[in-house]
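*Asks:* Mind looking over this structure? Questions follow.
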Amino acid sequence: MTVLKELAETYGREIRVSHDIGADQTSRRTAAGVGVVTDPDGSLPHEALVEFGGLPRVGVRLYPEDDALIDVEGVECPDIPRDDVPAFLRSLFDGLAYVKARRFLPGYFLIVPLPGDRTHKEYVPMIALTPWLSGRVR
């Protein structure tokens, strides 16, 4: 959370944070039962949703299992390792992320460069292309 707040300050973006604490509140623990707050091992799961203002519209859901779901302009990027979240956001905010268009079997993919010559690639339905995404088509 501290790193995400620092990123928001660095890039001059508003940030809104909400927390879900307890097994009965977190999204991946729906089978926990009513009133069950702790996991079977006695731990208290904590999930956070962070929304950044400005363009692109970005939301980050941090899960207790050390991964995250990042939503970029309505395109969901699941299973991002928690340690890669800051680099993912820097790529977006620095303008390094782009949308790759495919001609045969038309389709679009959001490509987000990560450190170590890695990239995250996510399919983007044509009807989901927002003006921000359309402006980054290569």
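Chains: A, B, ... in order of the structure tokens. Residues: from 1 per chain. Ligands: from 1, in order shown.
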Wanna dump the stretch 65-94 of chain A-stretch 107-124 of chain A contacts at 10 Å for me, each residue with its shortest atom pair and the distance in Å to one decimal, counting only C-alpha atoms, ordered by chain and number, as a tab-separated table?

*Replies:*
```
residue	atom	partner	partner_atom	distance
A:Val72	CA	A:Leu110	CA	9.1
A:Gly74	CA	A:Val124	CA	9.1
A:Val75	CA	A:Val124	CA	6.5
A:Glu76	CA	A:Glu122	CA	7.8
A:Cys77	CA	A:Glu122	CA	6.4
A:Pro78	CA	A:Glu122	CA	9.0
A:Ile80	CA	A:His120	CA	8.6
A:Asp84	CA	A:Leu114	CA	7.5
A:Val85	CA	A:Leu114	CA	9.5
A:Pro86	CA	A:Leu114	CA	9.7
A:Ala87	CA	A:Leu114	CA	6.1
A:Phe88	CA	A:Leu114	CA	6.2
A:Leu89	CA	A:Val112	CA	9.0
A:Arg90	CA	A:Leu114	CA	9.2
A:Ser91	CA	A:Pro113	CA	6.4
A:Leu92	CA	A:Val112	CA	7.1
```

*Asks:* Write to file, as an mmCIF file, in the first residue's frame, the residues of the selection just made, with N, CA and C atoms.

*Replies:*
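again_10.cif written:
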```cif
data_model
loop_
_atom_site.group_PDB
_atom_site.id
_atom_site.type_symbol
_atom_site.label_atom_id
_atom_site.label_comp_id
_atom_site.auth_asym_id
_atom_site.auth_seq_id
_atom_site.Cartn_x
_atom_site.Cartn_y
_atom_site.Cartn_z
ATOM 1 N N VAL A 72 -7.240 -2.064 -16.203
ATOM 2 C CA VAL A 72 -6.783 -0.913 -16.979
ATOM 3 C C VAL A 72 -7.856 -0.581 -17.997
ATOM 4 N N GLY A 74 -10.934 -0.970 -18.005
ATOM 5 C CA GLY A 74 -11.910 -2.034 -18.176
ATOM 6 C C GLY A 74 -11.315 -3.364 -18.609
ATOM 7 N N VAL A 75 -10.024 -3.408 -18.893
ATOM 8 C CA VAL A 75 -9.352 -4.651 -19.261
ATOM 9 C C VAL A 75 -8.741 -5.235 -17.994
ATOM 10 N N GLU A 76 -9.209 -6.426 -17.608
ATOM 11 C CA GLU A 76 -8.717 -7.047 -16.381
ATOM 12 C C GLU A 76 -7.456 -7.854 -16.648
ATOM 13 N N CYS A 77 -6.438 -7.585 -15.835
ATOM 14 C CA CYS A 77 -5.169 -8.307 -15.898
ATOM 15 C C CYS A 77 -5.028 -9.086 -14.595
ATOM 16 N N PRO A 78 -5.431 -10.368 -14.592
ATOM 17 C CA PRO A 78 -5.425 -11.146 -13.349
ATOM 18 C C PRO A 78 -4.063 -11.764 -13.056
ATOM 19 N N ILE A 80 -1.385 -10.994 -11.350
ATOM 20 C CA ILE A 80 -0.124 -10.256 -11.384
ATOM 21 C C ILE A 80 0.551 -10.467 -10.023
ATOM 22 N N ASP A 84 5.300 -7.381 -8.771
ATOM 23 C CA ASP A 84 5.325 -6.766 -10.101
ATOM 24 C C ASP A 84 4.349 -5.606 -10.238
ATOM 25 N N VAL A 85 3.486 -5.397 -9.258
ATOM 26 C CA VAL A 85 2.467 -4.350 -9.360
ATOM 27 C C VAL A 85 3.085 -2.955 -9.544
ATOM 28 N N PRO A 86 4.082 -2.540 -8.740
ATOM 29 C CA PRO A 86 4.652 -1.202 -8.952
ATOM 30 C C PRO A 86 5.255 -1.028 -10.350
ATOM 31 N N ALA A 87 5.974 -2.030 -10.851
ATOM 32 C CA ALA A 87 6.567 -1.933 -12.185
ATOM 33 C C ALA A 87 5.487 -1.874 -13.257
ATOM 34 N N PHE A 88 4.412 -2.645 -13.078
ATOM 35 C CA PHE A 88 3.286 -2.642 -14.006
ATOM 36 C C PHE A 88 2.687 -1.233 -14.082
ATOM 37 N N LEU A 89 2.458 -0.627 -12.918
ATOM 38 C CA LEU A 89 1.866 0.715 -12.881
ATOM 39 C C LEU A 89 2.803 1.765 -13.451
ATOM 40 N N ARG A 90 4.102 1.658 -13.171
ATOM 41 C CA ARG A 90 5.066 2.616 -13.751
ATOM 42 C C ARG A 90 5.040 2.544 -15.271
ATOM 43 N N SER A 91 4.971 1.337 -15.831
ATOM 44 C CA SER A 91 4.895 1.185 -17.286
ATOM 45 C C SER A 91 3.659 1.864 -17.849
ATOM 46 N N LEU A 92 2.532 1.719 -17.157
ATOM 47 C CA LEU A 92 1.303 2.383 -17.606
ATOM 48 C C LEU A 92 1.435 3.896 -17.534
#
```

*Asks:* Just want the 10 Å neighbourhood of stretch 53-56 of chain A, counted on only C-alpha atoms, with same-chain residues fewer than 2 positions away dropped. Output as a PyMOL selection string.

*Replies:* chain A and resi 8+11-16+51+58-59+71-74+92-93+95+130-133

*Asks:* Report the distance between atom CA of A:Arg61 and atom CA of A:Gly135 in Å, rounded to one decimal place.

*Replies:*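 Separating atom CA of A:Arg61 from atom CA of A:Gly135 is a distance of 25.5 Å.
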
*Asks:* Within chain A, find each residue whose DSSP state, derived from the backbone, is strand (DSSP E), and express the selection as a CSV table (one decimal) with N, CA, C and O atoms, in the first residue's frame.

*Replies:*
```
chain,number,residue,atom,x,y,z
A,15,ILE,N,-5.8,9.1,-5.4
A,15,ILE,CA,-5.9,7.7,-5.0
A,15,ILE,C,-7.0,7.5,-4.0
A,15,ILE,O,-7.2,8.3,-3.1
A,16,ARG,N,-7.8,6.4,-4.2
A,16,ARG,CA,-8.8,6.0,-3.3
A,16,ARG,C,-8.6,4.6,-2.9
A,16,ARG,O,-8.4,3.7,-3.8
A,17,VAL,N,-8.6,4.3,-1.6
A,17,VAL,CA,-8.3,3.0,-1.1
A,17,VAL,C,-9.5,2.5,-0.2
A,17,VAL,O,-10.0,3.3,0.6
A,18,SER,N,-9.9,1.3,-0.4
A,18,SER,CA,-10.9,0.6,0.5
A,18,SER,C,-10.3,-0.7,0.9
A,18,SER,O,-9.5,-1.4,0.1
A,19,HIS,N,-10.6,-1.1,2.1
A,19,HIS,CA,-10.1,-2.4,2.7
A,19,HIS,C,-11.2,-3.3,3.0
A,19,HIS,O,-12.3,-2.9,3.5
A,20,ASP,N,-11.0,-4.6,2.8
A,20,ASP,CA,-11.9,-5.7,3.2
A,20,ASP,C,-11.0,-6.6,4.1
A,20,ASP,O,-10.0,-7.1,3.7
A,21,ILE,N,-11.5,-6.7,5.4
A,21,ILE,CA,-10.7,-7.4,6.3
A,21,ILE,C,-11.6,-8.5,6.9
A,21,ILE,O,-12.7,-8.3,7.4
A,46,HIS,N,-6.6,-9.9,4.5
A,46,HIS,CA,-6.8,-8.5,4.2
A,46,HIS,C,-6.7,-8.3,2.7
A,46,HIS,O,-5.8,-8.8,2.1
A,47,GLU,N,-7.7,-7.7,2.2
A,47,GLU,CA,-7.7,-7.4,0.7
A,47,GLU,C,-8.0,-5.9,0.6
A,47,GLU,O,-8.7,-5.3,1.3
A,48,ALA,N,-7.3,-5.3,-0.4
A,48,ALA,CA,-7.4,-3.8,-0.6
A,48,ALA,C,-7.7,-3.6,-2.1
A,48,ALA,O,-7.3,-4.2,-3.0
A,49,LEU,N,-8.6,-2.5,-2.3
A,49,LEU,CA,-8.9,-2.1,-3.6
A,49,LEU,C,-8.4,-0.6,-3.7
A,49,LEU,O,-8.8,0.2,-2.9
A,50,VAL,N,-7.5,-0.4,-4.7
A,50,VAL,CA,-6.9,0.9,-4.9
A,50,VAL,C,-7.3,1.4,-6.3
A,50,VAL,O,-7.2,0.7,-7.3
A,51,GLU,N,-7.9,2.6,-6.3
A,51,GLU,CA,-8.3,3.2,-7.6
A,51,GLU,C,-7.5,4.5,-7.8
A,51,GLU,O,-7.5,5.3,-6.9
A,52,PHE,N,-6.9,4.6,-9.0
A,52,PHE,CA,-6.2,5.8,-9.3
A,52,PHE,C,-7.0,6.7,-10.2
A,52,PHE,O,-7.7,6.3,-11.1
A,58,VAL,N,-7.3,3.2,-13.7
A,58,VAL,CA,-6.6,2.0,-13.2
A,58,VAL,C,-7.1,1.7,-11.8
A,58,VAL,O,-7.3,2.5,-11.0
A,59,GLY,N,-7.4,0.4,-11.6
A,59,GLY,CA,-7.8,-0.1,-10.3
A,59,GLY,C,-7.0,-1.3,-10.0
A,59,GLY,O,-6.7,-2.1,-10.9
A,60,VAL,N,-6.6,-1.4,-8.8
A,60,VAL,CA,-5.7,-2.6,-8.3
A,60,VAL,C,-6.4,-3.2,-7.1
A,60,VAL,O,-6.7,-2.6,-6.1
A,61,ARG,N,-6.6,-4.5,-7.2
A,61,ARG,CA,-7.2,-5.3,-6.1
A,61,ARG,C,-6.1,-6.2,-5.6
A,61,ARG,O,-5.6,-7.1,-6.4
A,62,LEU,N,-5.6,-5.9,-4.4
A,62,LEU,CA,-4.5,-6.7,-3.8
A,62,LEU,C,-5.1,-7.8,-3.0
A,62,LEU,O,-5.9,-7.6,-2.1
A,67,ASP,N,-1.0,-11.9,-4.8
A,67,ASP,CA,-1.2,-11.5,-6.2
A,67,ASP,C,-2.2,-10.4,-6.3
A,67,ASP,O,-2.7,-10.0,-5.3
A,68,ALA,N,-2.4,-9.9,-7.5
A,68,ALA,CA,-3.2,-8.8,-7.7
A,68,ALA,C,-4.0,-8.9,-9.0
A,68,ALA,O,-3.6,-9.6,-9.9
A,69,LEU,N,-5.1,-8.2,-9.1
A,69,LEU,CA,-5.9,-8.0,-10.3
A,69,LEU,C,-5.8,-6.5,-10.6
A,69,LEU,O,-6.2,-5.7,-9.8
A,70,ILE,N,-5.3,-6.2,-11.8
A,70,ILE,CA,-5.2,-4.8,-12.2
A,70,ILE,C,-6.2,-4.6,-13.3
A,70,ILE,O,-6.1,-5.4,-14.3
A,71,ASP,N,-7.0,-3.6,-13.2
A,71,ASP,CA,-8.0,-3.3,-14.2
A,71,ASP,C,-7.5,-2.0,-14.9
A,71,ASP,O,-7.3,-0.9,-14.2
A,72,VAL,N,-7.2,-2.1,-16.2
A,72,VAL,CA,-6.8,-0.9,-17.0
A,72,VAL,C,-7.9,-0.6,-18.0
A,72,VAL,O,-8.1,-1.3,-18.9
A,75,VAL,N,-10.0,-3.4,-18.9
A,75,VAL,CA,-9.4,-4.7,-19.3
A,75,VAL,C,-8.7,-5.2,-18.0
A,75,VAL,O,-7.9,-4.6,-17.4
A,76,GLU,N,-9.2,-6.4,-17.6
A,76,GLU,CA,-8.7,-7.0,-16.4
A,76,GLU,C,-7.5,-7.9,-16.6
A,76,GLU,O,-7.4,-8.7,-17.6
A,77,CYS,N,-6.4,-7.6,-15.8
A,77,CYS,CA,-5.2,-8.3,-15.9
A,77,CYS,C,-5.0,-9.1,-14.6
A,77,CYS,O,-4.6,-8.5,-13.6
A,78,PRO,N,-5.4,-10.4,-14.6
A,78,PRO,CA,-5.4,-11.1,-13.3
A,78,PRO,C,-4.1,-11.8,-13.1
A,78,PRO,O,-3.2,-11.8,-13.9
A,79,ASP,N,-3.9,-12.2,-11.8
A,79,ASP,CA,-2.8,-13.0,-11.4
A,79,ASP,C,-1.4,-12.3,-11.6
A,79,ASP,O,-0.4,-12.9,-11.9
A,80,ILE,N,-1.4,-11.0,-11.4
A,80,ILE,CA,-0.1,-10.3,-11.4
A,80,ILE,C,0.6,-10.5,-10.0
A,80,ILE,O,-0.1,-10.2,-9.0
A,81,PRO,N,1.8,-11.0,-10.0
A,81,PRO,CA,2.5,-11.1,-8.7
A,81,PRO,C,2.6,-9.8,-8.0
A,81,PRO,O,2.8,-8.7,-8.6
A,98,TYR,N,1.3,-0.5,-24.4
A,98,TYR,CA,0.7,-0.2,-25.7
A,98,TYR,C,-0.3,-1.4,-26.1
A,98,TYR,O,-0.3,-2.4,-25.4
A,99,VAL,N,-1.0,-1.1,-27.1
A,99,VAL,CA,-2.0,-2.1,-27.6
A,99,VAL,C,-1.5,-2.6,-29.0
A,99,VAL,O,-1.3,-1.8,-29.9
A,100,LYS,N,-1.4,-3.9,-29.1
A,100,LYS,CA,-0.9,-4.5,-30.3
A,100,LYS,C,-2.1,-5.0,-31.1
A,100,LYS,O,-3.0,-5.7,-30.5
A,101,ALA,N,-2.2,-4.6,-32.3
A,101,ALA,CA,-3.3,-5.0,-33.2
A,101,ALA,C,-2.9,-6.2,-34.0
A,101,ALA,O,-1.8,-6.3,-34.5
A,102,ARG,N,-3.8,-7.2,-34.2
A,102,ARG,CA,-3.5,-8.4,-35.0
A,102,ARG,C,-4.5,-8.3,-36.2
A,102,ARG,O,-5.7,-8.1,-36.0
A,107,GLY,N,-7.8,-8.9,-33.6
A,107,GLY,CA,-7.8,-8.9,-32.2
A,107,GLY,C,-6.8,-7.8,-31.7
A,107,GLY,O,-6.0,-7.3,-32.4
A,108,TYR,N,-7.0,-7.5,-30.4
A,108,TYR,CA,-6.1,-6.5,-29.8
A,108,TYR,C,-5.6,-7.1,-28.5
A,108,TYR,O,-6.3,-7.8,-27.8
A,109,PHE,N,-4.3,-6.7,-28.1
A,109,PHE,CA,-3.7,-7.2,-26.9
A,109,PHE,C,-3.1,-6.0,-26.2
A,109,PHE,O,-2.3,-5.2,-26.8
A,110,LEU,N,-3.3,-5.8,-24.9
A,110,LEU,CA,-2.6,-4.8,-24.1
A,110,LEU,C,-1.3,-5.5,-23.7
A,110,LEU,O,-1.3,-6.5,-23.1
A,111,ILE,N,-0.2,-4.8,-24.0
A,111,ILE,CA,1.1,-5.3,-23.7
A,111,ILE,C,1.7,-4.3,-22.7
A,111,ILE,O,1.9,-3.1,-23.0
A,112,VAL,N,2.1,-4.8,-21.6
A,112,VAL,CA,2.7,-4.0,-20.5
A,112,VAL,C,4.1,-4.5,-20.2
A,112,VAL,O,4.3,-5.7,-19.7
A,113,PRO,N,5.2,-3.7,-20.6
A,113,PRO,CA,6.5,-4.2,-20.3
A,113,PRO,C,6.8,-4.2,-18.8
A,113,PRO,O,6.4,-3.4,-18.0
A,114,LEU,N,7.6,-5.3,-18.4
A,114,LEU,CA,8.0,-5.4,-17.0
A,114,LEU,C,9.5,-5.6,-17.0
A,114,LEU,O,10.1,-5.9,-18.0
A,118,ARG,N,10.5,-9.0,-19.6
A,118,ARG,CA,9.2,-9.7,-19.5
A,118,ARG,C,8.1,-8.7,-19.9
A,118,ARG,O,8.3,-7.5,-19.8
A,119,THR,N,7.0,-9.3,-20.3
A,119,THR,CA,5.8,-8.4,-20.6
A,119,THR,C,4.6,-9.2,-20.1
A,119,THR,O,4.6,-10.4,-19.9
A,120,HIS,N,3.5,-8.4,-19.8
A,120,HIS,CA,2.2,-9.0,-19.5
A,120,HIS,C,1.4,-8.7,-20.7
A,120,HIS,O,1.3,-7.5,-21.2
A,121,LYS,N,0.7,-9.7,-21.2
A,121,LYS,CA,-0.1,-9.6,-22.4
A,121,LYS,C,-1.5,-10.0,-22.1
A,121,LYS,O,-1.8,-11.1,-21.5
A,122,GLU,N,-2.5,-9.1,-22.4
A,122,GLU,CA,-3.9,-9.4,-22.1
A,122,GLU,C,-4.8,-9.1,-23.3
A,122,GLU,O,-4.6,-8.0,-23.9
A,123,TYR,N,-5.7,-10.0,-23.6
A,123,TYR,CA,-6.6,-9.8,-24.7
A,123,TYR,C,-7.5,-8.7,-24.4
A,123,TYR,O,-8.1,-8.5,-23.3
A,124,VAL,N,-7.8,-7.8,-25.5
A,124,VAL,CA,-8.7,-6.7,-25.4
A,124,VAL,C,-9.8,-6.9,-26.5
A,124,VAL,O,-9.5,-6.8,-27.6
```

*Asks:* What separation in Å, quoted to one decimal, exists between atom CA of A:Arg136 and atom CA of A:Leu96?

*Replies:* 9.5 Å

*Asks:* Write down as a count of residues only the residues of chain A whose backbone DSSP state falls under helix (DSSP H, G or I).

*Replies:* 34

*Asks:* Atom CA of A:Leu129 and atom CA of A:Arg82 are how many Å apart?

*Replies:*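 Rounded to one decimal, the two atoms are 26.3 Å apart.
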
*Asks:* Considering only C-alpha atoms, state which residue in the set A:Ala97, A:Arg138, A:Asp83, A:Arg103 is at the smallest distance from A:Val3.

*Replies:*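 The answer is A:Asp83, which sits nearest to A:Val3.
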
*Asks:* Quick one: of A:Glu65, A:Met126, A:Ser134, A:Asp94, who's nearest to A:Pro106, counting only C-alpha atoms?

*Replies:*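 Using only C-alpha atoms, A:Pro106 sits closest to A:Met126.
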